[in-house]
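S.K.: So here's structure-v1.cif, just mmCIF, C-alpha atoms:
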data_data
#
loop_
_atom_site.label_atom_id
_atom_site.label_comp_id
_atom_site.auth_asym_id
_atom_site.auth_seq_id
_atom_site.Cartn_x
_atom_site.Cartn_y
_atom_site.Cartn_z
CA MET A 24 156.31 123.86 106.51
CA GLN A 25 154.62 127.14 105.54
CA GLN A 26 151.32 125.77 106.83
CA LYS A 27 152.91 124.67 110.11
CA GLN A 28 154.47 128.11 110.57
CA SER A 29 151.18 129.88 109.99
CA GLU A 30 149.39 127.49 112.38
CA PHE A 31 152.12 128.11 114.97
CA GLN A 32 151.83 131.87 114.50
CA LYS A 33 148.08 131.72 115.23
CA ILE A 34 148.57 129.51 118.30
CA TYR A 35 151.35 131.73 119.59
CA ASP A 36 149.42 134.99 119.16
CA LYS A 37 146.39 133.52 120.90
CA HIS A 38 148.13 131.96 123.90
CA ARG A 39 151.35 133.88 124.53
CA SER A 40 149.90 136.42 127.00
CA LYS A 41 148.45 133.79 129.31
CA ILE A 42 151.55 131.62 129.12
CA PHE A 43 153.81 134.61 129.73
CA LYS A 44 151.79 135.54 132.82
CA LEU A 45 152.00 131.95 134.08
CA CYS A 46 155.78 132.00 133.60
CA LEU A 47 156.11 135.42 135.22
CA GLY A 48 153.96 134.30 138.14
CA TYR A 49 156.22 131.27 138.55
CA ALA A 50 159.62 132.92 138.07
CA GLY A 51 158.93 136.46 139.31
CA ASP A 52 161.35 137.89 136.75
CA ARG A 53 160.50 139.23 133.29
CA ASP A 54 163.71 138.04 131.58
CA ILE A 55 163.34 134.54 132.96
CA ALA A 56 159.63 134.55 132.09
CA ASN A 57 160.54 135.49 128.51
CA ASP A 58 163.02 132.59 128.35
CA LEU A 59 160.43 130.19 129.77
CA LEU A 60 157.84 131.48 127.29
CA GLN A 61 160.24 130.87 124.41
CA ASP A 62 161.24 127.42 125.68
CA THR A 63 157.56 126.51 126.02
CA PHE A 64 156.72 127.50 122.45
CA ILE A 65 159.83 125.83 121.06
CA LYS A 66 158.46 122.60 122.58
CA VAL A 67 155.00 123.42 121.21
CA TRP A 68 156.53 123.73 117.75
CA GLU A 69 158.50 120.51 118.11
CA ASN A 70 155.45 118.57 119.34
CA LEU A 71 152.78 120.15 117.15
CA GLU A 72 152.37 116.97 115.08
CA LYS A 73 151.74 114.99 118.29
CA PHE A 74 148.74 117.12 119.25
CA ARG A 75 145.72 114.88 118.66
CA ASN A 76 142.81 117.14 119.70
CA GLU A 77 142.17 114.77 122.64
CA SER A 78 142.13 117.84 124.86
CA ALA A 79 141.87 121.56 124.20
CA ILE A 80 145.05 123.02 122.72
CA SER A 81 145.20 125.47 125.64
CA THR A 82 145.35 122.51 128.09
CA TRP A 83 148.11 120.96 126.01
CA ILE A 84 150.13 124.20 125.92
CA TYR A 85 149.57 124.84 129.62
CA ARG A 86 150.92 121.33 130.37
CA ILE A 87 154.09 122.06 128.39
CA ALA A 88 154.44 125.47 130.07
CA VAL A 89 154.02 124.00 133.57
CA ASN A 90 156.69 121.36 132.91
CA THR A 91 159.00 123.97 131.39
CA CYS A 92 158.61 126.11 134.49
CA LEU A 93 159.23 123.12 136.77
CA SER A 94 162.47 122.34 134.96
CA TYR A 95 163.71 125.84 135.70
CA LEU A 96 165.60 125.46 138.95
CA ARG A 97 167.41 128.17 140.78
CA SER A 98 169.76 127.68 143.66
CA GLU A 99 168.47 130.87 145.25
CA LYS A 100 164.84 130.26 144.67
CA ASN A 101 163.94 128.91 148.06
CA LYS A 102 165.40 131.82 149.91
CA ALA A 103 162.64 133.71 151.65
CA LYS A 104 162.42 137.39 150.93
CA ASP A 105 160.43 139.35 153.43
CA GLU A 106 160.83 142.76 151.91
CA LEU A 107 159.31 144.01 148.72
CA SER A 108 161.68 143.67 145.82
CA ASP A 109 163.43 146.62 144.21
CA TYR A 110 161.13 146.18 141.29
CA ILE A 111 158.09 146.85 143.46
CA LEU A 112 159.74 149.78 145.15
CA GLU A 113 160.68 151.24 141.79
CA THR A 114 157.12 151.01 140.64
CA ARG A 115 156.07 153.20 143.53
CA SER A 116 157.55 156.22 141.83
CA ASP A 117 155.26 158.82 140.23
CA GLU A 118 156.13 157.59 136.74
CA VAL A 119 153.97 154.49 136.91
CA SER A 120 150.27 154.23 137.30
CA GLU A 121 148.46 152.88 140.29
CA LYS A 122 147.33 149.98 138.13
CA GLU A 123 150.93 149.00 137.35
CA GLN A 124 151.79 149.17 141.02
CA GLN A 125 148.90 146.86 141.83
CA VAL A 126 149.94 144.39 139.13
CA ALA A 127 153.55 144.40 140.34
CA LEU A 128 152.40 143.89 143.92
CA LEU A 129 150.16 141.02 142.84
CA TYR A 130 153.08 139.26 141.13
CA LYS A 131 155.18 139.80 144.23
CA CYS A 132 152.47 138.22 146.37
CA ILE A 133 152.17 135.26 143.99
CA SER A 134 155.92 134.72 144.39
CA LYS A 135 155.33 134.10 148.11
CA LEU A 136 153.28 130.99 147.32
CA GLU A 137 154.60 127.47 146.73
CA GLU A 138 155.64 126.75 143.14
CA GLN A 139 152.59 124.64 142.26
CA GLU A 140 150.28 127.15 143.93
CA ARG A 141 151.74 129.98 141.83
CA MET A 142 150.89 128.21 138.60
CA ILE A 143 147.44 127.10 139.74
CA ILE A 144 146.47 130.59 140.86
CA THR A 145 147.63 132.24 137.62
CA MET A 146 145.34 129.86 135.74
CA VAL A 147 142.50 130.63 138.14
CA LEU A 148 143.08 134.37 137.70
CA ASP A 149 142.91 133.81 133.94
CA GLU A 150 139.59 132.01 134.48
CA ALA A 151 140.67 128.61 133.18
CA ASP A 152 138.11 125.86 133.85
CA TYR A 153 138.78 123.76 136.92
CA ASN A 154 138.71 120.54 134.91
CA GLU A 155 141.33 122.02 132.57
CA ILE A 156 143.56 122.99 135.50
CA ALA A 157 143.12 119.52 137.03
CA GLU A 158 144.08 117.92 133.71
CA VAL A 159 147.14 120.14 133.29
CA PHE A 160 148.41 119.30 136.77
CA GLY A 161 147.35 115.65 136.70
CA ILE A 162 145.42 115.94 139.95
CA SER A 163 141.77 115.21 140.80
CA GLU A 164 139.24 118.02 140.57
CA GLY A 165 138.28 117.49 144.22
CA ASN A 166 141.87 117.93 145.34
CA LEU A 167 142.21 120.96 143.08
CA ARG A 168 139.15 122.68 144.56
CA VAL A 169 140.57 122.30 148.07
CA LYS A 170 143.90 123.71 146.92
CA ILE A 171 142.30 126.64 145.09
CA HIS A 172 140.22 127.59 148.12
CA ARG A 173 143.34 127.62 150.30
CA ILE A 174 145.46 129.51 147.75
CA LYS A 175 142.80 132.22 147.22
CA LEU A 176 142.64 132.89 150.95
CA ARG A 177 146.40 132.98 151.29
CA LEU A 178 146.96 135.24 148.27
CA THR A 179 144.33 137.71 149.40
CA GLU A 180 145.84 137.74 152.87
CA ILE A 181 149.37 138.38 151.54
CA TYR A 182 148.14 141.08 149.16
CA ASN A 183 146.26 142.93 151.87
CA HIS A 184 149.28 142.67 154.17
CA TYR A 185 151.58 144.35 151.61
CA ALA A 186 148.95 146.83 150.44
CA ARG A 187 148.77 148.17 154.00
CA LEU A 188 152.54 148.85 154.13
CA MET B 20 140.83 145.36 151.98
CA GLN B 21 140.73 143.64 148.61
CA ASP B 22 138.91 140.40 147.98
CA PHE B 23 139.92 137.77 145.47
CA ASP B 24 137.63 139.06 142.70
CA GLU B 25 139.34 142.44 142.90
CA LEU B 26 142.72 140.73 142.54
CA LYS B 27 141.32 138.95 139.50
CA ASN B 28 140.32 142.33 138.00
CA ILE B 29 143.84 143.68 138.58
CA TRP B 30 145.30 140.58 136.93
CA GLN B 31 143.05 140.64 133.91
CA GLN B 32 143.66 144.32 133.22
CA GLU B 33 147.33 143.63 132.66
CA GLU B 34 148.39 143.07 129.08
CA PRO B 35 152.05 141.91 129.06
CA LYS B 36 154.44 143.97 126.96
CA GLN B 37 157.78 143.21 125.31
CA MET B 38 157.07 139.57 124.58
CA PRO B 39 159.07 137.99 121.75
CA GLU B 40 157.51 137.62 118.31
CA ALA B 41 156.80 134.17 116.83
CA SER B 42 159.60 134.72 114.27
CA GLU B 43 162.16 135.08 117.11
CA ILE B 44 161.07 131.75 118.56
CA LEU B 45 161.27 130.03 115.20
CA SER B 46 164.80 131.37 114.69
CA ARG B 47 165.81 130.06 118.15
CA ILE B 48 164.67 126.54 117.30
CA SER B 49 167.59 125.83 114.97
CA SER B 50 170.18 127.45 117.27
CA THR B 51 169.01 125.30 120.23
CA LYS B 52 169.47 122.16 118.20
CA ASN B 53 172.88 123.34 117.04
CA SER B 54 174.12 124.03 120.57
CA LEU B 55 173.24 120.47 121.60
CA ALA B 56 175.06 119.09 118.59
CA GLN B 57 178.08 121.27 119.41
CA ASN B 58 178.22 119.99 122.99
CA LEU B 59 178.00 116.44 121.75
CA LEU B 60 180.73 117.08 119.22
CA LYS B 61 182.95 118.67 121.89
CA ALA B 62 182.56 115.63 124.15
CA ILE B 63 183.41 113.23 121.33
CA VAL B 64 186.33 115.35 120.06
CA GLN B 65 187.94 115.18 123.50
CA LEU B 66 187.96 111.37 123.45
CA VAL B 67 188.58 110.50 119.80
CA PRO B 68 192.27 111.64 119.57
CA ALA B 69 193.25 109.59 122.64
CA PHE B 70 191.43 106.56 121.24
CA LEU B 71 193.09 106.92 117.83
CA VAL B 72 196.61 107.33 119.23
CA VAL B 73 196.27 104.13 121.30
CA LEU B 74 194.75 102.28 118.35
CA ILE B 75 197.58 103.36 116.02
CA ILE B 76 200.16 102.20 118.60
CA ALA B 77 198.43 98.81 118.85
CA ILE B 78 198.31 98.37 115.06
CA PHE B 79 201.73 99.64 114.01
CA ILE B 80 203.98 98.65 116.88
CA LYS B 81 204.68 94.99 117.45
CA PHE B 82 204.85 94.00 121.10
CA ASP B 83 206.20 90.73 122.49
CA SER B 84 204.00 90.41 125.55
CA GLN B 85 200.27 89.68 125.68
CA VAL B 86 200.19 91.82 128.84
CA THR B 87 200.91 94.90 126.69
CA TYR B 88 198.03 94.08 124.35
CA THR B 89 195.80 93.45 127.36
CA GLY B 90 196.74 96.92 128.65
CA ILE B 91 195.93 98.48 125.27
CA VAL B 92 192.57 96.70 125.06
CA ILE B 93 191.71 97.86 128.59
CA ILE B 94 192.59 101.47 127.64
CA LEU B 95 190.51 101.32 124.43
CA VAL B 96 187.53 99.70 126.13
CA SER B 97 187.59 102.23 128.98
CA ILE B 98 187.60 105.14 126.47
CA VAL B 99 184.74 103.60 124.47
CA VAL B 100 182.63 102.83 127.58
CA TYR B 101 183.23 106.32 129.01
CA GLY B 102 182.40 107.90 125.63
CA TYR B 103 179.24 105.80 125.39
CA PHE B 104 177.98 107.11 128.73
CA VAL B 105 178.84 110.72 127.85
CA VAL B 106 176.97 110.50 124.53
CA ARG B 107 174.05 108.67 126.14
CA HIS B 108 173.71 111.45 128.73
CA TYR B 109 173.56 114.06 126.00
CA PHE B 110 170.84 112.16 124.14
CA ASP B 111 168.94 111.55 127.36
CA LEU B 112 169.02 115.23 128.25
CA ALA B 113 167.91 116.14 124.73
CA LYS B 114 164.75 114.02 124.99
CA ASP B 115 161.55 115.97 125.39
CA TYR B 116 159.34 114.85 128.28
CA SER B 117 157.23 118.00 128.40
CA LEU B 118 153.96 116.24 127.54
CA LEU B 119 154.03 114.06 130.66
CA LYS B 120 151.96 114.81 133.75
CA PRO B 121 153.97 117.18 135.98
CA ALA B 122 154.46 114.51 138.69
CA GLU B 123 155.80 112.05 136.09
CA TYR B 124 157.88 114.78 134.50
CA LEU B 125 159.48 115.67 137.84
CA ALA B 126 160.21 111.97 138.48
CA VAL B 127 161.96 111.69 135.09
CA ILE B 128 164.17 114.74 135.53
CA GLN B 129 164.93 113.79 139.13
CA LYS B 130 166.09 110.39 137.88
CA GLN B 131 168.22 112.09 135.21
CA TYR B 132 169.99 114.18 137.83
CA GLU B 133 170.47 111.15 140.10
CA VAL B 134 172.04 109.21 137.21
CA ARG B 135 174.29 112.19 136.41
CA LYS B 136 175.31 112.47 140.06
CA LYS B 137 176.11 108.75 140.23
CA PHE B 138 178.05 108.93 136.99
CA ASN B 139 179.85 112.02 138.22
CA THR B 140 180.81 110.32 141.48
CA MET B 141 181.58 106.79 140.34
CA GLY B 142 181.95 107.00 136.55
CA GLY B 143 184.98 109.28 136.49
CA LEU B 144 186.69 107.39 139.27
CA VAL B 145 186.10 103.93 137.76
CA TYR B 146 187.25 105.27 134.39
CA SER B 147 190.48 106.62 135.94
CA VAL B 148 191.21 103.38 137.83
CA ILE B 149 190.66 101.18 134.77
CA LEU B 150 192.68 103.54 132.60
CA TYR B 151 195.45 103.48 135.21
CA ILE B 152 195.50 99.66 135.23
CA GLY B 153 195.59 99.61 131.41
CA ILE B 154 198.46 102.11 131.26
CA ILE B 155 200.49 100.24 133.92
CA LEU B 156 200.05 96.94 132.04
CA TYR B 157 201.11 98.66 128.82
CA MET B 158 204.15 100.19 130.50
CA ILE B 159 205.51 96.90 131.83
CA GLU B 160 206.95 95.93 128.44
CA VAL B 161 207.58 99.45 127.09
CA ALA B 162 209.32 100.72 130.22
CA GLY B 163 211.18 97.40 130.57
CA HIS B 164 213.61 98.60 127.86
CA LEU B 165 214.36 101.83 129.68
CA SER B 166 216.89 102.59 132.40
CA LEU B 167 215.79 102.29 136.02
CA LEU B 168 215.62 106.09 136.34
CA TRP B 169 213.25 106.43 133.37
CA GLN B 170 211.18 103.53 134.66
CA ILE B 171 210.79 105.24 138.03
CA ALA B 172 209.90 108.51 136.26
CA GLY B 173 207.32 106.76 134.03
CA TYR B 174 205.60 104.82 136.79
CA GLY B 175 205.93 107.77 139.17
CA LEU B 176 204.33 110.31 136.82
CA THR B 177 201.50 107.93 135.91
CA THR B 178 200.83 107.23 139.57
CA LEU B 179 201.00 110.96 140.41
CA TRP B 180 198.47 111.67 137.63
CA PHE B 181 196.15 109.04 139.05
CA LEU B 182 196.54 110.37 142.60
CA TYR B 183 195.85 113.90 141.31
CA VAL B 184 192.64 112.69 139.65
CA TYR B 185 191.57 110.80 142.75
CA PHE B 186 192.51 113.25 145.49
CA VAL B 187 192.29 116.64 143.77
CA LEU B 188 189.68 116.30 141.03
CA SER B 189 187.37 113.94 142.83
CA LYS B 190 187.54 115.85 146.10
CA LYS B 191 187.14 119.34 144.61
CA VAL B 192 185.50 119.37 141.20
CA ILE B 193 183.28 116.35 141.67
CA LYS B 194 182.33 117.46 145.17
CA SER B 195 181.23 120.91 144.03
CA GLU B 196 179.31 119.44 141.08
CA ASN B 197 177.66 116.91 143.33
CA GLU B 198 176.61 119.65 145.72
CA LYS B 199 174.93 121.38 142.77
CA PHE B 200 173.18 118.14 141.78
CA GLU B 201 172.09 117.54 145.37
CA THR B 202 170.58 121.03 145.56
CA ILE B 203 168.68 120.43 142.34
CA ILE B 204 167.52 116.96 143.41
CA ALA B 205 166.32 118.41 146.74
CA GLN B 206 164.37 121.09 144.86
CA LEU B 207 162.86 118.48 142.56
CA LYS B 208 161.82 116.37 145.55
CA LYS B 209 160.21 119.42 147.14
CA LEU B 210 158.35 120.17 143.90
CA ALA B 211 157.30 116.53 143.54
CA GLY B 212 155.84 116.69 147.06
CA GLN B 213 153.53 119.47 145.90
CA PHE B 214 152.07 117.16 143.26
CA GLU B 215 151.26 114.27 145.59
CA GLU B 216 147.52 113.57 145.84
#
Hey, can you dump this file as structure tokens for me?

M.R.:
Amino acid sequence: MQQKQSEFQKIYDKHRSKIFKLCLGYAGDRDIANDLLQDTFIKVWENLEKFRNESAISTWIYRIAVNTCLSYLRSEKNKAKDELSDYILETRSDEVSEKEQQVALLYKCISKLEEQERMIITMVLDEADYNEIAEVFGISEGNLRVKIHRIKLRLTEIYNHYARL
Amino acid sequence: MQDFDELKNIWQQEEPKQMPEASEILSRISSTKNSLAQNLLKAIVQLVPAFLVVLIIAIFIKFDSQVTYTGIVIILVSIVVYGYFVVRHYFDLAKDYSLLKPAEYLAVIQKQYEVRKKFNTMGGLVYSVILYIGIILYMIEVAGHLSLLWQIAGYGLTTLWFLYVYFVLSKKVIKSENEKFETIIAQLKKLAGQFEE
């Protein structure tokens, strides 16, 4: 048990930032992202014995995180929001740095994408290998490349649109 | 104008703050399991007293008619079958499918919601009808000893209860729950569409 806990601690410390950013990119809300992060690592803990080193542990954790995000369903989530959220507006005060404003705006732009696109692009932004992303999502690498090309264009376009406002 | 590489730089500069520690997650593991067990216990506790009361009546009271025993058996079987489905749903929801491919995972949880919707629509209604039949059969002998007024009151109240379940509960509660399930199923279908090759 002690050994499992220490192994879990190492895995958690190494992967939590990337998984949190994936969850935040998906949900667009820090509290929900924290819940999704916790749910993901609870499942990691419960399935740790099933991990067989057939793939990288990051791929395995990403798969769990993606499914955890997909199971989070909100009745309001499909409502389109054309304006910047309060959160973004708040970050435009003098108290926060330009960098924080850019990060907040980037998350806001990611939230404009389709659910699958949000998760793919957060992995791309974190420089995950394409074959790892394809494995996580269970799609072919060829299909993934087409999707990534389209998502990059769309995200850049949305970002530049809001940055001009 | 920013290009994608600049967006990547912005992204990678961010180091998330206020994330939970590993110890918090480990402490949540036991509470999650407990809440599932509590829900399961609650569902069983609601059914067990009714089952026991009917069983005690069947054992300790001697009836003359086989129709009465048939009514009691119908009531007991309906409680057991209903309880079985409730417990099975809890276990099904507790299963962990998080290692499946996302498309397969979405198909599994979509099926779960469809089963719950079907159970919600038909299960409760079938349970009420069968229970109603069982109670009426049981009442034939029991109410036979009562005055006409009490017989009318007994059959009347039982029928009113059934009509309340059918027309009020099924039309309001079940409808609103089904709307929730339909919204979720629609979202799951939309998500599943994003994973089609």

S.K.: Running the PyMOL selection byres ((chain A and resi 152) around 12) on this model by hand, what would come out? Give it as a PyMOL selection string.

M.R.: chain A and resi 79+81-82+143-144+146-151+153-159+164+167-168

S.K.: Smallest atom-to-atom distance to B:Ile63: which of B:Ala41, B:Ala77, B:Ile98, B:Ile149, using all atoms listed in the file?

M.R.: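 Between B:Ala41, B:Ala77, B:Ile98, B:Ile149, the residue approaching B:Ile63 most closely is B:Ile98.
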
S.K.: Pull out every residue of chain B that has at least one atom within 8 Å of chain A, counting all atoms listed in the file, and report them as a PyMOL selection string.

M.R.: chain B and resi 20-23+26-27+29-31+33-35+38-39+41+44-45+47-48+115+117-122+124-125+128+202-203+206+210+213-214+216

S.K.: Could you work out how far atom CA of A:Ile171 lies from atom CA of B:Gln32, giving the answer in Å with one decimal?

M.R.: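 Answer for the atom CA of B:Gln32 to atom CA of A:Ile171 separation: 21.3 Å.
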
S.K.: Kindly compute an axis-aligned box around the listed atoms of stretch 153-158 of chain A, allowing 6 Å on each side, and express its centre and edge lengths in Å to one decimal as AutoDock Vina command-line options.

M.R.:
--center_x 141.4 --center_y 120.8 --center_z 134.8 --size_x 17.4 --size_y 17.8 --size_z 16.5

S.K.: What's around B:Thr87 at 8 Å? Count all atoms listed in the file, leave out sequence neighbours fewer than 5 positions away in its own chain, and write the answer as a count of residues only.

M.R.: 6

S.K.: Give me, please, the distance in Å between atom CA of A:Cys92 and atom CA of A:Leu59, quoted to one decimal.

M.R.: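 Spanning atom CA of A:Cys92 to atom CA of A:Leu59 is a straight-line distance of 6.5 Å.
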
S.K.: For atom CA of B:Tyr174 and atom CA of B:Phe138, determine how far apart the two atoms are, in Å to one decimal place.

M.R.: 27.9 Å

S.K.: Run the PyMOL selection byres ((chain B and resi 147) around 12) mentally over the shown coordinates, then write out the matched residues as a count of residues only, using the chain letters and numbers from the document.

M.R.: 30
